[in-house]
Amino acid sequence: MSLEATVQRISAIRQELANPSALVGASAISGGVEAPSTSGAGGGSSFASALERASGAYPSGVAGSSALSPTEAAGEGSPGARIVAVAESQLGQTEQPPGSNEGPAIAQYRSATAGAMPGAPWCSYFASWAARQAGEPIGEGGQGAGAVSQVWSWAQSSGRAIPNGPGVVPQPGDLIVFGDEHVGIVRDVLPNGQIQTIEGNYENKVAANVRSPSEATGYVNMS
């Protein structure tokens with residue numbers, strides 16, 4: 001909406017507020033924005049909410065707003081849901097240049113792991129960062145993990161390790177571990193048993209993926 005149109009809408013709302021009798025059964029302005037009501041219970045929108053709609057401003061998290069930031073995502077739902085929401089907020093972040101294990105986003109992910117090394121593979125850094133943002137840090141002291149083996153060692157010592165096998169079904173937000181080589185985050189489990197994931201350092205970016213249930217060596221319960 002243009003600035004001129006927004007000003008016209010605000011002016012119309014103010015005029016109607018100055019003449020309450022004109023509000024009954026009427027729409028304040030064209031474009032479908034209802035006039036503020038002066039009645040009691042069930043009386044409709046306040047001036048503030050009408051103004052919000054007229055100016056195109058929406059509260060965070062509703063239709064018309066931008067995606068949640070990691071900080072906003074981390075405040076919602078169960079631990080697993082928060083981890084997934086934070087990870088989803090990073091989909092598409094890439095290395096700069098590709099293949100370098102570097103870039104502004106990757107540097108941010110490293111900040112969640114003590115002793116993180118620039119230029120190192122960063123799947124564990126990403127998992128550590130997402131978990132910390134969600135309030136569920138990895139590591140005995142919450143220091144993160146710089147290697148997949150460290151993730152799994154912590155999972156074993158804390159009773160979170162779930163070796164993969166028949167009948168094992170992970171939960172959203174659990175970490176999915178592939179030997180000592182790679183770790184991602186479980187996004188969801190499909191009806192056919194395949195596992196949707198979000199993985200850092202997959203093809204040089206944070207990527208959504210689908211894994212067969214037999215690929216993982218184990219999972220880390222983050223609930």
# chains A, B, ... in the order shown; residues from 1 in each chain; ligands from 1
>>> residues_around(residues="Trp129 in chain A", least_positions_apart="3", cutoff="10 Å", atoms="only C-alpha atoms", output="list in words")
Ile83, Val86, Ala87, Ile106, Gln108, Tyr109, Arg110, Ser111, Ala112, Thr113, Cys123, Ser124, Tyr125, Phe126, Arg132, Gln133, Ala134, Gly135, Glu136, Pro137, Ile138, Gln143, Gly144 and Ala145 of chain A
>>> write_last_selection(atoms="C-alpha atoms", output="PDB file, in the first residue's frame")
ATOM      1  CA  ILE A  83      14.843 -26.807  17.600  1.00  0.00           C
ATOM      2  CA  VAL A  86      15.171 -22.506  14.620  1.00  0.00           C
ATOM      3  CA  ALA A  87      16.644 -24.882  12.031  1.00  0.00           C
ATOM      4  CA  ILE A 106      28.639 -20.385   9.315  1.00  0.00           C
ATOM      5  CA  GLN A 108      27.458 -17.485  13.550  1.00  0.00           C
ATOM      6  CA  TYR A 109      26.938 -21.244  13.945  1.00  0.00           C
ATOM      7  CA  ARG A 110      30.504 -21.650  15.209  1.00  0.00           C
ATOM      8  CA  SER A 111      29.780 -19.179  18.006  1.00  0.00           C
ATOM      9  CA  ALA A 112      27.755 -21.842  19.842  1.00  0.00           C
ATOM     10  CA  THR A 113      30.744 -24.220  20.176  1.00  0.00           C
ATOM     11  CA  CYS A 123      27.303 -29.841  10.572  1.00  0.00           C
ATOM     12  CA  SER A 124      27.946 -30.253  14.320  1.00  0.00           C
ATOM     13  CA  TYR A 125      28.365 -26.503  14.738  1.00  0.00           C
ATOM     14  CA  PHE A 126      24.966 -25.984  13.133  1.00  0.00           C
ATOM     15  CA  ARG A 132      21.409 -23.532  21.968  1.00  0.00           C
ATOM     16  CA  GLN A 133      19.048 -21.061  20.284  1.00  0.00           C
ATOM     17  CA  ALA A 134      16.170 -23.335  21.333  1.00  0.00           C
ATOM     18  CA  GLY A 135      17.349 -23.439  24.948  1.00  0.00           C
ATOM     19  CA  GLU A 136      18.612 -27.040  24.779  1.00  0.00           C
ATOM     20  CA  PRO A 137      22.402 -26.709  24.457  1.00  0.00           C
ATOM     21  CA  ILE A 138      24.589 -29.662  23.538  1.00  0.00           C
ATOM     22  CA  GLN A 143      29.578 -25.792  25.223  1.00  0.00           C
ATOM     23  CA  GLY A 144      28.420 -27.372  21.963  1.00  0.00           C
ATOM     24  CA  ALA A 145      30.205 -30.013  19.930  1.00  0.00           C
TER      25      ALA A 145
END
>>> select_by_dssp(residues="range 141-190 of chain A", states="alpha helix (DSSP H)", output="VMD selection string")
chain A and resid 148 to 157
>>> closest_atom_pairs(of="range 76-127 of chain A", to="range 158-174 of chain A", cutoff="8 Å", atoms="only C-alpha atoms", output="CSV")
residue,atom,partner,partner_atom,distance
A:Pro79,CA,A:Gly173,CA,7.3
A:Gly80,CA,A:Gly173,CA,3.8
A:Ala81,CA,A:Gly173,CA,6.1
A:Arg82,CA,A:Gly173,CA,7.6
A:Ile83,CA,A:Gly173,CA,5.3
A:Val84,CA,A:Gly173,CA,5.3
>>> write_last_selection(atoms="N, CA and C atoms", output="PDB file, in the first residue's frame")
ATOM      1  N   PRO A  79      10.671 -28.511  23.394  1.00  0.00           N
ATOM      2  CA  PRO A  79      12.084 -28.409  22.984  1.00  0.00           C
ATOM      3  C   PRO A  79      12.314 -28.849  21.540  1.00  0.00           C
ATOM      4  N   GLY A  80      11.724 -29.985  21.155  1.00  0.00           N
ATOM      5  CA  GLY A  80      11.897 -30.455  19.790  1.00  0.00           C
ATOM      6  C   GLY A  80      11.328 -29.510  18.763  1.00  0.00           C
ATOM      7  N   ALA A  81      10.136 -28.969  19.056  1.00  0.00           N
ATOM      8  CA  ALA A  81       9.508 -28.025  18.129  1.00  0.00           C
ATOM      9  C   ALA A  81      10.340 -26.755  18.000  1.00  0.00           C
ATOM     10  N   ARG A  82      10.929 -26.310  19.099  1.00  0.00           N
ATOM     11  CA  ARG A  82      11.761 -25.101  19.048  1.00  0.00           C
ATOM     12  C   ARG A  82      13.014 -25.340  18.215  1.00  0.00           C
ATOM     13  N   ILE A  83      13.643 -26.494  18.381  1.00  0.00           N
ATOM     14  CA  ILE A  83      14.843 -26.807  17.600  1.00  0.00           C
ATOM     15  C   ILE A  83      14.512 -26.836  16.112  1.00  0.00           C
ATOM     16  N   VAL A  84      13.402 -27.475  15.761  1.00  0.00           N
ATOM     17  CA  VAL A  84      12.996 -27.537  14.353  1.00  0.00           C
ATOM     18  C   VAL A  84      12.719 -26.134  13.815  1.00  0.00           C
TER      19      VAL A  84
END
>>> atom_distance(atom1="CA of Tyr219 in chain A", atom2="CA of Glu95 in chain A")
26.1 Å
>>> atom_distance(atom1="CA of Phe178 in chain A", atom2="CA of Val210 in chain A")
13.7 Å
>>> residues_around(residues="Glu199 in chain A", least_positions_apart="3", cutoff="9 Å", atoms="only C-alpha atoms", output="VMD selection string")
chain A and resid 87 91 123 126 to 127 182 to 186 202 205 to 209
